[in-house]
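Right, one structure below, let's go through it.
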Amino acid sequence: MVVHTSTAAAAPTTRERILTEALNLFAQSGYGGASMRELARRVGIRESSLYNHFPGKAAILEAIVAEHGPASSASRLEEPRYKQLARQPAAFCRQFALDLVEQWSDPREHQFQKVITAERNRVPGIRAKFADHFYAREQSLMTDYFRGFALAGLVSTPDPRETARLFAAGLIYIRLEHYVMGAAPSPRAKVLEAIDRYLAFFLSLIAAGGETDNKKRKPKGENRGKAASD
């Protein structure tokens with residue numbers, strides 16, 4: 001018996017096709033201007049069939065929010081490939097940054113940002129779910145990694161949460177500079193150069209032993225007049 005195998009990627013499910021076409025439609029027409037009838041036409045199914053997958057348009061938008069932006073970053077942080085880097089701060093930071101570059105380069109991410117910027121204040125519950133739940137989840141996971149690095153003596157930081165926020169802030173600025181503010185996205189090589197420069201700077205700030213080195217550089221006589229420690 002001959003067994004035929006295929007290396008082709010599996011065809012997208014109906015649910016995946018709905019979300020893909022919904023993202024396109026919401027980006028083009030806005031959430032308010034998009035109809036379930038038009039979405040069904042684009043997917044190639046009956047309008048009634050949409051309701052077998054989602055109870056309504058708001059649920060579709062919520063599913064899109066749950067699969068893009070900070071939600072996708074948070075999901076990555078829970079993957080085994082990241083957990084394997086729990087004792088490698090430099091490799092962890094670089095992997096996270098490179099994954100973000102891939103995400104930023106995805107046209108679907110551009111559409112998502114357009115949709116969520118326009119709609120998050122108009123649809124009940126979306127703003128809270130996007131801003132509070134997903135950002136809080138991503139931030140909490142990132143804080144846990146930096147707390148682990150600090151407890152293992154791999155980095156020096158008085159506050160893992162603020163260190164995680166600082167790391168994210170620098171990456172956000174790179175995104176603004178190279179993907180948002182310009183007339184066109186920067187070449188990939190230029191973005192990676194900016195990432196490498198930022199990572200080198202950030203990792204030097206939190207390098208283990210930095211606090212000790214600072215103490216060594218204290219001016220002579222700084223503790224004059226203070227009681228000696230026990």
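Just remember, in the structure tokens the first chain shown is A, the second B, etc., residues are 1-based per chain, and ligands are 1-based in the order shown.
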
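Using only C-alpha atoms, the residues found no farther than 10 Å from Gln88 (chain A), other than those of its own chain fewer than 6 positions away, are A:Tyr82, A:Tyr145, A:Phe149, A:Leu154, A:Val155.
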
Would you mind exporting N, CA, C and O atoms of the selected residues as a CSV table (one decimal), in the first residue's frame?
chain,number,residue,atom,x,y,z
A,82,TYR,N,10.4,29.7,25.4
A,82,TYR,CA,10.8,30.8,26.2
A,82,TYR,C,11.1,30.3,27.6
A,82,TYR,O,12.0,30.9,28.3
A,145,TYR,N,9.7,36.8,34.5
A,145,TYR,CA,11.0,36.4,33.9
A,145,TYR,C,12.1,37.2,34.6
A,145,TYR,O,13.2,36.7,35.0
A,149,PHE,N,15.4,36.1,36.8
A,149,PHE,CA,16.7,36.5,36.5
A,149,PHE,C,17.4,37.1,37.7
A,149,PHE,O,18.6,36.8,38.0
A,154,LEU,N,21.4,36.7,37.9
A,154,LEU,CA,21.8,36.9,36.5
A,154,LEU,C,21.7,38.3,36.1
A,154,LEU,O,22.3,38.7,35.1
A,155,VAL,N,20.9,39.1,36.8
A,155,VAL,CA,20.8,40.5,36.5
A,155,VAL,C,20.7,41.3,37.8
A,155,VAL,O,20.5,40.7,38.8

For Phe96 (chain A), list every protein, DNA or RNA residue within 9 Å, evaluated using only C-alpha atoms, and leave out those in the same chain fewer than 6 positions away; present the list as a PyMOL selection string. chain A and resi 73+76-77+82

Which residues, written as a list of chain:residue names, have at least one atom at most 12 Å from Ala150 (chain A), with only C-alpha atoms counted and residues fewer than 5 positions away on the same chain left out? A:Ala86, A:Arg87, A:Gln88, A:Pro89, A:Thr143, A:Asp144, A:Tyr145, A:Val155, A:Ser156, A:Thr157, A:Pro158, A:Asp159, A:Pro160, A:Arg161, A:Thr163, A:Ala164, A:Ile206, A:Ala207, A:Ala208, A:Gly209

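Distances from A:Pro55, A:Ala27, A:Leu176, A:Arg37 to Arg108 (chain A) were compared using only C-alpha atoms, and the smallest one belongs to A:Ala27.
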
Find, counting only C-alpha atoms, the residue in A:Val115, A:Leu25, A:Leu166, A:Ala74 that gets nearest to Ser140 (chain A). A:Ala74

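If only C-alpha atoms are the atoms counted, then among A:Trp104, A:Tyr51, A:Tyr135, A:Phe167 the closest residue to Val180 (chain A) is A:Trp104.
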